$ cat query13.tsv   # TSV, C-alpha atoms
chain	number	residue	atom	x	y	z
A	206	PRO	CA	-8.13	2.64	-21.56
A	207	LEU	CA	-8.92	6.14	-20.41
A	208	ARG	CA	-6.74	7.75	-17.80
A	209	PRO	CA	-8.22	9.59	-14.81
A	210	THR	CA	-9.88	12.90	-15.45
A	211	HIS	CA	-7.60	15.90	-15.02
A	212	ALA	CA	-9.67	18.88	-14.00
A	213	GLN	CA	-9.28	21.79	-11.62
A	214	HIS	CA	-8.66	20.62	-8.04
A	215	ARG	CA	-10.17	23.30	-5.83
A	216	THR	CA	-8.85	22.25	-2.43
A	217	THR	CA	-6.60	24.74	-0.66
A	218	ALA	CA	-5.05	22.06	1.54
A	219	PRO	CA	-1.22	22.14	1.37
A	220	LYS	CA	0.28	19.21	-0.49
A	221	PRO	CA	3.23	17.09	0.66
A	222	ALA	CA	6.51	17.61	-1.16
A	223	PRO	CA	5.91	16.08	-4.60
A	224	SER	CA	8.18	13.72	-6.46
A	225	PRO	CA	9.23	14.86	-9.94
A	226	ASN	CA	6.44	12.90	-11.63
A	227	SER	CA	3.63	13.75	-9.23
A	228	THR	CA	2.08	16.83	-10.87
A	229	HIS	CA	-1.66	16.37	-10.72
A	230	THR	CA	-5.02	18.00	-10.52
A	231	LEU	CA	-8.25	16.42	-9.35
A	232	ALA	CA	-11.85	16.94	-10.25
A	233	PRO	CA	-13.68	19.27	-7.86
A	234	SER	CA	-15.81	17.73	-5.14
A	235	PRO	CA	-19.24	19.03	-4.19
A	236	SER	CA	-19.28	20.81	-0.86
A	237	ALA	CA	-21.15	18.81	1.75
A	238	SER	CA	-23.59	21.37	3.08
A	239	VAL	CA	-25.23	20.52	6.39
A	240	PRO	CA	-28.01	22.20	8.37
A	241	ALA	CA	-26.62	24.30	11.22
A	242	THR	CA	-29.24	26.71	12.49
A	243	GLY	CA	-27.98	27.59	15.97
A	244	ASN	CA	-25.53	30.10	17.39
A	245	THR	CA	-22.00	30.84	16.17
A	246	TYR	CA	-19.17	30.99	18.68
A	247	TYR	CA	-15.46	31.77	18.40
A	248	VAL	CA	-12.10	30.63	19.75
A	249	SER	CA	-8.96	32.74	19.53
A	250	LEU	CA	-5.41	32.56	20.85
A	251	SER	CA	-6.10	35.91	22.50
A	252	GLY	CA	-9.39	34.71	24.02
A	253	ASN	CA	-10.36	33.61	27.52
A	254	ASN	CA	-12.55	30.69	28.54
A	255	ALA	CA	-14.33	33.04	30.94
A	256	ASN	CA	-15.59	35.05	27.95
A	257	SER	CA	-18.96	34.66	26.26
A	258	GLY	CA	-17.57	33.03	23.10
A	259	SER	CA	-18.81	35.81	20.83
A	260	ALA	CA	-16.75	37.25	17.98
A	261	SER	CA	-15.65	40.14	20.17
A	262	SER	CA	-15.25	38.01	23.32
A	263	PRO	CA	-13.89	34.64	22.13
A	264	TRP	CA	-12.94	31.60	24.16
A	265	ALA	CA	-9.31	30.49	24.33
A	266	SER	CA	-9.50	26.71	24.01
A	267	PRO	CA	-10.90	24.74	21.07
A	268	ALA	CA	-11.76	21.87	23.43
A	269	TYR	CA	-13.59	24.18	25.82
A	270	GLY	CA	-15.50	25.79	22.97
A	271	ALA	CA	-16.45	22.45	21.43
A	272	GLY	CA	-17.78	21.29	24.77
A	273	LYS	CA	-20.18	24.25	24.89
A	274	LEU	CA	-21.85	23.55	21.55
A	275	LYS	CA	-25.45	22.42	21.25
A	276	PRO	CA	-27.10	20.89	18.15
A	277	GLY	CA	-27.09	23.44	15.34
A	278	ASP	CA	-24.21	25.51	16.77
A	279	THR	CA	-21.02	26.45	14.91
A	280	LEU	CA	-17.58	27.01	16.45
A	281	ILE	CA	-15.13	29.07	14.41
A	282	ILE	CA	-11.49	28.61	15.43
A	283	LYS	CA	-9.48	31.65	14.47
A	284	GLY	CA	-6.05	31.34	12.92
A	285	GLY	CA	-2.95	30.43	14.89
A	286	LYS	CA	-1.27	27.37	16.42
A	287	TYR	CA	-3.13	25.79	19.35
A	288	HIS	CA	-1.01	23.55	21.58
A	289	LEU	CA	-2.84	20.38	22.67
A	290	SER	CA	-1.16	18.23	25.30
A	291	ASP	CA	-3.62	17.17	28.01
A	292	PHE	CA	-6.13	14.38	27.32
A	293	ALA	CA	-8.85	15.76	29.58
A	294	GLU	CA	-8.35	19.46	28.89
A	295	ASP	CA	-7.28	19.65	25.26
A	296	THR	CA	-8.97	16.83	23.34
A	297	ILE	CA	-11.82	18.20	21.24
A	298	VAL	CA	-14.93	16.14	22.04
A	299	PRO	CA	-18.00	17.83	20.54
A	300	SER	CA	-21.54	16.98	21.50
A	301	SER	CA	-23.61	15.24	18.86
A	302	GLY	CA	-25.88	17.25	16.63
A	303	SER	CA	-29.07	16.04	15.01
A	304	ALA	CA	-30.26	15.36	11.48
A	305	ASN	CA	-31.59	18.90	11.13
A	306	ASN	CA	-28.95	20.60	13.30
A	307	TYR	CA	-25.35	19.54	12.78
A	308	VAL	CA	-22.58	20.66	15.11
A	309	VAL	CA	-19.95	22.44	12.99
A	310	ILE	CA	-16.32	23.09	13.96
A	311	LYS	CA	-14.67	25.28	11.38
A	312	GLY	CA	-11.34	26.98	10.88
A	313	GLU	CA	-11.38	30.68	10.12
A	314	ASP	CA	-11.78	31.38	6.41
A	315	GLY	CA	-8.47	32.39	4.84
A	316	ASN	CA	-6.55	31.78	8.07
A	317	ARG	CA	-6.74	28.08	8.83
A	318	PRO	CA	-5.85	27.22	12.45
A	319	ILE	CA	-3.33	24.53	13.40
A	320	LEU	CA	-4.17	22.01	16.11
A	321	ALA	CA	-0.68	20.96	17.18
A	322	ALA	CA	-0.58	18.06	19.63
A	323	GLY	CA	2.19	16.64	21.77
A	324	ASN	CA	2.78	14.67	24.97
A	325	ASN	CA	1.75	11.46	23.13
A	326	LEU	CA	-1.83	12.74	22.98
A	327	PHE	CA	-4.33	10.01	22.03
A	328	THR	CA	-6.13	12.18	19.47
A	329	ALA	CA	-6.82	15.81	18.64
A	330	ILE	CA	-10.53	15.23	17.92
A	331	ASN	CA	-12.52	12.33	19.39
A	332	LEU	CA	-15.71	11.48	17.49
A	333	SER	CA	-16.36	8.10	19.13
A	334	ASN	CA	-20.05	7.71	19.98
A	335	ARG	CA	-20.82	11.00	18.25
A	336	SER	CA	-23.01	11.86	15.26
A	337	TYR	CA	-24.10	14.73	12.99
A	338	ILE	CA	-20.82	16.65	13.11
A	339	LYS	CA	-18.94	18.59	10.43
A	340	LEU	CA	-15.24	19.46	10.63
A	341	VAL	CA	-13.93	21.90	8.05
A	342	ASN	CA	-10.76	23.88	7.27
A	343	LEU	CA	-8.50	22.54	10.05
A	344	GLU	CA	-4.83	21.56	10.12
A	345	ILE	CA	-3.80	18.81	12.55
A	346	THR	CA	-0.16	17.95	13.21
A	347	ASN	CA	2.40	17.43	15.96
A	348	TYR	CA	3.71	20.15	18.27
A	349	ASN	CA	7.42	20.74	17.69
A	350	GLY	CA	8.11	17.09	16.84
A	351	GLN	CA	6.50	15.68	19.99
A	352	ASN	CA	4.78	12.30	19.91
A	353	PHE	CA	1.13	12.44	18.85
A	354	ARG	CA	-1.02	9.44	17.97
A	355	ASP	CA	-4.28	9.87	15.93
A	356	GLY	CA	-5.41	13.03	14.19
A	357	ILE	CA	-9.12	12.17	14.36
A	358	ASN	CA	-10.38	9.09	16.22
A	359	GLY	CA	-13.80	7.49	15.98
A	360	ALA	CA	-12.73	3.93	16.73
A	361	GLU	CA	-13.87	3.67	20.36
A	362	GLY	CA	-17.56	3.71	19.47
A	363	PRO	CA	-19.79	4.39	16.43
A	364	ALA	CA	-19.25	7.71	14.64
A	365	ASN	CA	-22.16	8.39	12.27
A	366	HIS	CA	-23.20	11.20	9.92
A	367	ILE	CA	-19.80	12.87	9.90
A	368	VAL	CA	-18.45	15.33	7.32
A	369	MET	CA	-14.74	16.18	7.10
A	370	GLU	CA	-13.86	18.79	4.51
A	371	ASN	CA	-10.67	20.64	3.60
A	372	LEU	CA	-8.54	19.08	6.33
A	373	TYR	CA	-4.75	18.87	6.31
A	374	ILE	CA	-3.57	16.12	8.67
A	375	HIS	CA	0.13	15.32	8.69
A	376	HIS	CA	3.24	14.24	10.63
A	377	LEU	CA	1.74	12.15	13.40
A	378	ASP	CA	2.50	8.71	14.75
A	379	GLU	CA	-0.56	6.54	14.15
A	380	PHE	CA	-3.61	7.17	11.91
A	381	GLY	CA	-4.61	10.42	10.30
A	382	ILE	CA	-8.28	9.35	10.48
A	383	ASN	CA	-9.02	6.23	12.56
A	384	MET	CA	-12.60	4.93	12.44
A	385	GLY	CA	-14.21	1.62	13.43
A	386	ASP	CA	-17.99	1.49	12.98
A	387	THR	CA	-19.10	4.48	10.93
A	388	ASN	CA	-22.19	5.13	8.84
A	389	ASP	CA	-22.49	8.13	6.49
A	390	LEU	CA	-18.95	9.50	6.55
A	391	LYS	CA	-17.74	12.02	3.96
A	392	ILE	CA	-14.07	12.98	3.60
A	393	ILE	CA	-13.77	15.71	0.98
A	394	ASP	CA	-10.89	17.72	-0.51
A	395	SER	CA	-8.39	16.80	2.19
A	396	VAL	CA	-4.73	15.77	2.50
A	397	ILE	CA	-3.65	13.09	4.97
A	398	SER	CA	0.09	12.60	4.78
A	399	TYR	CA	3.18	11.42	6.70
A	400	THR	CA	1.43	9.24	9.25
A	401	GLY	CA	2.90	6.25	11.09
A	402	PHE	CA	0.04	3.75	10.75
A	403	GLY	CA	-1.83	4.96	7.67
A	404	SER	CA	-3.69	7.92	6.25
A	405	ILE	CA	-7.25	6.57	6.60
A	406	GLY	CA	-8.10	3.29	8.31
A	407	GLY	CA	-9.21	1.64	11.48
A	408	PRO	CA	-9.95	-1.58	13.35
A	409	ALA	CA	-12.65	-4.13	12.57
A	410	GLY	CA	-16.07	-2.81	13.53
A	411	ASN	CA	-18.61	-4.50	15.79
A	412	SER	CA	-21.72	-3.58	13.79
A	413	GLY	CA	-20.93	-3.58	10.10
A	414	GLY	CA	-17.78	-1.47	10.00
A	415	TRP	CA	-17.78	1.20	7.30
A	416	LYS	CA	-21.14	1.91	5.64
A	417	ASN	CA	-22.23	4.62	3.18
A	418	ILE	CA	-18.84	6.30	2.79
A	419	LEU	CA	-17.61	8.94	0.32
A	420	ILE	CA	-13.96	9.94	-0.03
A	421	SER	CA	-13.53	12.55	-2.76
A	422	GLY	CA	-10.75	14.85	-3.92
A	423	THR	CA	-8.42	13.53	-1.23
A	424	THR	CA	-4.71	12.71	-1.17
A	425	MET	CA	-3.57	9.79	1.04
A	426	SER	CA	0.20	9.70	0.98
A	427	TYR	CA	3.54	8.95	2.65
A	428	SER	CA	2.15	6.59	5.28
A	429	GLY	CA	5.07	5.09	7.19
A	430	HIS	CA	7.44	7.88	6.18
A	431	TYR	CA	7.12	9.56	9.57
A	432	TYR	CA	7.18	8.25	13.14
A	433	GLN	CA	7.87	9.99	16.46
A	434	GLY	CA	9.81	12.90	15.08
A	435	GLY	CA	11.73	11.00	12.43
A	436	ALA	CA	11.44	9.85	8.86
A	437	GLY	CA	10.33	6.37	9.88
A	438	PRO	CA	9.76	3.61	9.12
A	439	SER	CA	7.10	3.12	11.74
A	440	PRO	CA	6.73	-0.15	13.71
A	441	TYR	CA	3.55	-0.84	11.72
A	442	SER	CA	4.75	-3.16	8.99
A	443	ARG	CA	2.66	-2.02	6.00
A	444	PRO	CA	0.90	1.32	6.51
A	445	ASP	CA	-1.63	1.91	3.73
A	446	GLY	CA	-2.99	5.06	2.19
A	447	PHE	CA	-6.47	3.66	2.71
A	448	GLY	CA	-6.91	0.39	4.57
A	449	ILE	CA	-10.02	-0.93	6.33
A	450	GLU	CA	-11.26	-4.26	7.65
A	451	ALA	CA	-14.32	-6.24	6.56
A	452	SER	CA	-17.30	-3.89	6.25
A	453	ALA	CA	-20.77	-3.77	4.76
A	454	GLY	CA	-20.10	-0.79	2.49
A	455	PRO	CA	-20.86	0.78	0.14
A	456	ILE	CA	-17.70	2.86	-0.09
A	457	GLU	CA	-16.93	5.32	-2.89
A	458	ILE	CA	-13.44	6.72	-3.45
A	459	ALA	CA	-13.45	9.31	-6.23
A	460	ASN	CA	-10.98	11.73	-7.83
A	461	SER	CA	-8.35	10.90	-5.24
A	462	ILE	CA	-4.66	9.94	-5.06
A	463	ALA	CA	-2.92	7.24	-3.00
A	464	GLU	CA	0.84	7.57	-3.34
A	465	HIS	CA	4.18	6.86	-1.64
A	466	ASN	CA	2.71	4.70	1.11
A	467	ARG	CA	4.98	2.04	2.64
A	468	GLY	CA	2.09	-0.41	2.49
A	469	ASP	CA	-0.67	-0.62	-0.10
A	470	GLY	CA	-2.16	2.32	-1.94
A	471	ILE	CA	-5.80	1.31	-1.37
A	472	ASP	CA	-6.75	-1.87	0.54
A	473	SER	CA	-10.50	-2.26	1.08
A	474	LYS	CA	-12.11	-5.32	2.66
A	475	ALA	CA	-15.53	-3.69	2.35
A	476	GLU	CA	-18.21	-5.06	0.09
A	477	ASN	CA	-19.42	-2.76	-2.68
A	478	THR	CA	-16.28	-0.63	-2.80
A	479	TYR	CA	-16.42	1.66	-5.84
A	480	ILE	CA	-13.18	3.44	-6.78
A	481	HIS	CA	-13.09	5.69	-9.83
A	482	ASP	CA	-11.13	8.50	-11.48
A	483	THR	CA	-8.27	7.88	-9.07
A	484	ILE	CA	-4.47	7.54	-9.29
A	485	ILE	CA	-2.63	4.88	-7.26
A	486	ARG	CA	1.12	5.29	-7.66
A	487	ASN	CA	4.53	4.71	-6.16
A	488	ASN	CA	3.38	2.61	-3.22
A	489	SER	CA	5.78	0.11	-1.67
A	490	SER	CA	3.41	-2.88	-1.60
A	491	ASP	CA	0.20	-3.64	-3.49
A	492	GLY	CA	-1.43	-0.91	-5.54
A	493	LEU	CA	-5.14	-1.68	-5.42
A	494	LYS	CA	-6.45	-4.49	-3.20
A	495	LEU	CA	-10.15	-5.43	-3.14
A	496	TRP	CA	-11.68	-8.14	-0.94
A	497	GLY	CA	-15.43	-7.51	-0.86
A	498	THR	CA	-17.90	-8.75	-3.43
A	499	GLY	CA	-19.61	-6.18	-5.61
A	500	SER	CA	-16.48	-4.03	-5.75
A	501	LYS	CA	-15.58	-2.05	-8.84
A	502	ALA	CA	-12.64	0.01	-10.11
A	503	VAL	CA	-13.29	2.33	-13.05
A	504	ASN	CA	-10.95	4.78	-14.77
A	505	ILE	CA	-7.93	4.07	-12.56
A	506	LEU	CA	-4.21	4.55	-13.23
A	507	ILE	CA	-1.78	2.36	-11.24
A	508	TYR	CA	2.01	2.54	-11.48
A	509	GLY	CA	5.30	2.68	-9.58
A	510	ARG	CA	5.01	-0.51	-7.50
A	511	GLY	CA	8.00	-0.72	-5.15
A	512	ASP	CA	8.23	3.08	-4.88
A	513	GLY	CA	11.64	3.39	-6.47
A	514	VAL	CA	12.98	-0.05	-5.49
A	515	ASN	CA	13.60	-1.69	-8.86
A	516	ASN	CA	13.95	-5.30	-7.71
A	517	PRO	CA	11.04	-7.69	-8.32
A	518	THR	CA	8.70	-7.72	-5.33
A	519	PRO	CA	6.09	-10.15	-3.96
A	520	TRP	CA	3.43	-7.47	-4.28
A	521	ALA	CA	1.05	-6.85	-7.17
A	522	ALA	CA	-0.42	-3.84	-8.93
A	523	ILE	CA	-3.92	-5.31	-8.45
A	524	VAL	CA	-5.05	-7.93	-5.93
A	525	LEU	CA	-8.55	-9.45	-5.82
A	526	GLN	CA	-8.87	-11.68	-2.78
A	527	THR	CA	-12.06	-13.05	-1.27
A	528	GLU	CA	-13.33	-15.89	0.89
A	529	LYS	CA	-16.89	-15.51	-0.39
A	530	ALA	CA	-18.24	-17.95	-2.96
A	531	ASN	CA	-19.44	-16.43	-6.24
A	532	ALA	CA	-18.03	-13.00	-5.39
A	533	ASN	CA	-17.86	-10.56	-8.28
A	534	PHE	CA	-15.46	-7.75	-9.12
A	535	THR	CA	-15.36	-5.30	-12.04
A	536	LEU	CA	-12.27	-3.64	-13.50
A	537	GLU	CA	-13.12	-1.17	-16.24
A	538	LYS	CA	-10.83	1.30	-18.01
A	539	VAL	CA	-7.94	0.47	-15.67
A	540	THR	CA	-4.39	1.28	-16.81
A	541	VAL	CA	-1.44	-0.47	-15.16
A	542	ASP	CA	2.18	0.45	-15.91
A	543	ASP	CA	4.26	-2.11	-14.05
A	544	ALA	CA	7.78	-3.26	-14.96
A	545	LEU	CA	8.43	-5.36	-11.86
A	546	GLY	CA	6.46	-8.53	-12.44

$ encode --input "query13.tsv" --output "structure tokens"
Amino acid sequence: PLRPTHAQHRTTAPKPAPSPNSTHTLAPSPSASVPATGNTYYVSLSGNNANSGSASSPWASPAYGAGKLKPGDTLIIKGGKYHLSDFAEDTIVPSSGSANNYVVIKGEDGNRPILAAGNNLFTAINLSNRSYIKLVNLEITNYNGQNFRDGINGAEGPANHIVMENLYIHHLDEFGINMGDTNDLKIIDSVISYTGFGSIGGPAGNSGGWKNILISGTTMSYSGHYYQGGAGPSPYSRPDGFGIEASAGPIEIANSIAEHNRGDGIDSKAENTYIHDTIIRNNSSDGLKLWGTGSKAVNILIYGRGDGVNNPTPWAAIVLQTEKANANFTLEKVTVDDALG
């Protein structure tokens, strides 16, 4: 069987500390261009919220700036570390855009800003009940080891037509990206690492869960290896790299890596999940777990079950589990290297 494609990985997102056998490159992902035809505003550590928001007169607060955006507008956050601690004042809650006028929140080119949250903040960016938004070139983490829950949350209401590109989300206590009902979500060339509850996941949705999803060129790693300032484990028993509840799909995960998670590498209950050209390695529990009919894994490499624990485990490299009669699954060009059972 063929192993995953090894081509140039163009993301500039910092990677977590690799294990000796974790050298990798991923195929490049297409940039998700969106229409944004409005004004461009700026936020800077040296700015003032009384300013106009122009390049020469920037605002000071990312949350304040995001709240001023109208459909089609772009907010550029200049480099530096922004301390987020107050739910009402510091949580970034952008207005929705429209199909022809996305709202874009972007880190400064070549000088990516850090959104550093503390005081047990619920989330840095709240996308619940929002749509037509693009987030690009942002780092989200804790502030000086303080407690901080979700990096990006869209679980309190539908979050539709969302693009997340070149994000680095790490060292926080719950989910890196936490979504419930979401339709048309793209996560591209990002790293989500060292989270308490999982890199990408969320609760069961009320209206179909995850639909029309693309995750490409993304690393989902070290879930459960960090919690509230320490190395973990977190109180969440099996934090996955990617783990979602029953959903309509389709979901595509391409040219990505799920590694060193204290739960499963990839656990999808969505129908029509298509995973290809992806590496799933060194996860503590199951490697690849598929529940939804119509799901397919193509050109996958799976190894390292137990993540260094050499005793036989109750987990499996591949799990196909369904409650639906006549469900169908396809495994094609899948390589498993598993010495534990």

$ atom_distance --input "query13.tsv" --atom1 "CA of Phe402 (chain A)" --atom2 "CA of Val524 (chain A)"
21.0 Å

$ residues_around --input "query13.tsv" --residues "Lys275 (chain A)" --least-positions-apart "6" --cutoff "10 Å" --atoms "all atoms listed in the file" --output "list in words"
Gly243, Asn244, Pro299, Ser300, Ser301, Gly302, Ser303, Asn306, Tyr307, Val308 and Val309 of chain A

$ residues_around --input "query13.tsv" --residues "Glu450 (chain A)" --least-positions-apart "2" --cutoff "7 Å" --atoms "all atoms listed in the file" --output "mmCIF file with C-alpha atoms, in the frame of the given file"
data_model
loop_
_atom_site.group_PDB
_atom_site.id
_atom_site.type_symbol
_atom_site.label_atom_id
_atom_site.label_comp_id
_atom_site.auth_asym_id
_atom_site.auth_seq_id
_atom_site.Cartn_x
_atom_site.Cartn_y
_atom_site.Cartn_z
ATOM 1 C CA PRO A 408 -9.950 -1.580 13.350
ATOM 2 C CA ALA A 409 -12.650 -4.130 12.570
ATOM 3 C CA SER A 452 -17.300 -3.890 6.250
ATOM 4 C CA SER A 473 -10.500 -2.260 1.080
ATOM 5 C CA LYS A 474 -12.110 -5.320 2.660
ATOM 6 C CA ALA A 475 -15.530 -3.690 2.350
#

$ closest_residue --input "query13.tsv" --among "A:His376, A:His465, A:Arg443, A:His481" --to "Gln351 (chain A)" --atoms "only C-alpha atoms"
A:His376

$ residues_around --input "query13.tsv" --residues "Ile374 (chain A)" --least-positions-apart "3" --cutoff "10 Å" --atoms "all atoms listed in the file" --output "list in words"
Ala218, Pro219, Ile319, Leu320, Leu343, Glu344, Ile345, Thr346, Asn347, Asp355, Gly356, Ile357, Asn371, Leu377, Phe380, Gly381, Ile382, Ser395, Val396, Ile397, Ser398, Tyr399, Thr400, Ser404 and Met425 of chain A

$ closest_residue --input "query13.tsv" --among "A:Leu326, A:Trp496, A:Ser259, A:Ile310" --to "Ser290 (chain A)" --atoms "only C-alpha atoms"
A:Leu326

$ closest_residue --input "query13.tsv" --among "A:Gly470, A:Pro240, A:Pro519, A:Gly509" --to "Leu495 (chain A)" --atoms "all atoms listed in the file"
A:Gly470

$ closest_residue --input "query13.tsv" --among "A:Ala453, A:Asp378, A:Asp386, A:Lys416" --to "Gly429 (chain A)" --atoms "only C-alpha atoms"
A:Asp378

$ atom_distance --input "query13.tsv" --atom1 "CA of Ala436 (chain A)" --atom2 "CA of Gly401 (chain A)"
9.5 Å

$ closest_residue --input "query13.tsv" --among "A:Trp520, A:Tyr337, A:Tyr246, A:Phe447" --to "Tyr427 (chain A)" --atoms "all atoms listed in the file"
A:Phe447

$ closest_residue --input "query13.tsv" --among "A:Ile420, A:Ile392, A:Ile505, A:Ile405" --to "Asp469 (chain A)" --atoms "all atoms listed in the file"
A:Ile405

$ axis_aligned_box --input "query13.tsv" --around "region 242-245 of chain A" --padding-each-side "4 Å" --output "lines of an AutoDock Vina configuration file"
center_x = -25.6
center_y = 28.8
center_z = 14.9
size_x = 15.2
size_y = 12.1
size_z = 12.9

$ decode --input "query13.tsv" --residues "region 286-299 of chain A" --atoms "N, CA and C atoms" --output "CSV table (one decimal), in the first residue's frame"
chain,number,residue,atom,x,y,z
A,286,LYS,N,1.8,40.6,22.0
A,286,LYS,CA,1.0,39.7,22.8
A,286,LYS,C,-0.2,40.5,23.5
A,287,TYR,N,-1.4,40.1,23.2
A,287,TYR,CA,-2.6,40.8,23.7
A,287,TYR,C,-3.2,40.0,24.8
A,288,HIS,N,-3.3,40.6,26.0
A,288,HIS,CA,-3.8,39.9,27.2
A,288,HIS,C,-5.3,40.0,27.2
A,289,LEU,N,-5.9,38.8,27.2
A,289,LEU,CA,-7.4,38.7,27.3
A,289,LEU,C,-7.8,38.1,28.6
A,290,SER,N,-8.6,38.8,29.4
A,290,SER,CA,-9.0,38.3,30.7
A,290,SER,C,-10.4,38.5,31.1
A,291,ASP,N,-11.1,39.4,30.5
A,291,ASP,CA,-12.5,39.8,30.8
A,291,ASP,C,-13.4,39.3,29.8
A,292,PHE,N,-14.5,38.6,30.2
A,292,PHE,CA,-15.4,38.0,29.2
A,292,PHE,C,-16.1,39.0,28.4
A,293,ALA,N,-16.6,40.1,29.0
A,293,ALA,CA,-17.3,41.1,28.3
A,293,ALA,C,-16.4,42.0,27.5
A,294,GLU,N,-15.2,42.3,28.0
A,294,GLU,CA,-14.4,43.3,27.3
A,294,GLU,C,-13.4,42.7,26.3
A,295,ASP,N,-13.0,41.5,26.6
A,295,ASP,CA,-11.8,41.0,25.8
A,295,ASP,C,-12.2,39.8,24.8
A,296,THR,N,-13.3,39.2,25.0
A,296,THR,CA,-13.7,38.1,24.0
A,296,THR,C,-14.0,38.7,22.7
A,297,ILE,N,-13.4,38.2,21.6
A,297,ILE,CA,-13.6,38.6,20.3
A,297,ILE,C,-14.8,38.0,19.7
A,298,VAL,N,-15.8,38.9,19.5
A,298,VAL,CA,-17.1,38.4,19.0
A,298,VAL,C,-17.5,39.2,17.7
A,299,PRO,N,-17.0,38.8,16.6
A,299,PRO,CA,-17.2,39.6,15.3
A,299,PRO,C,-18.7,39.5,14.9
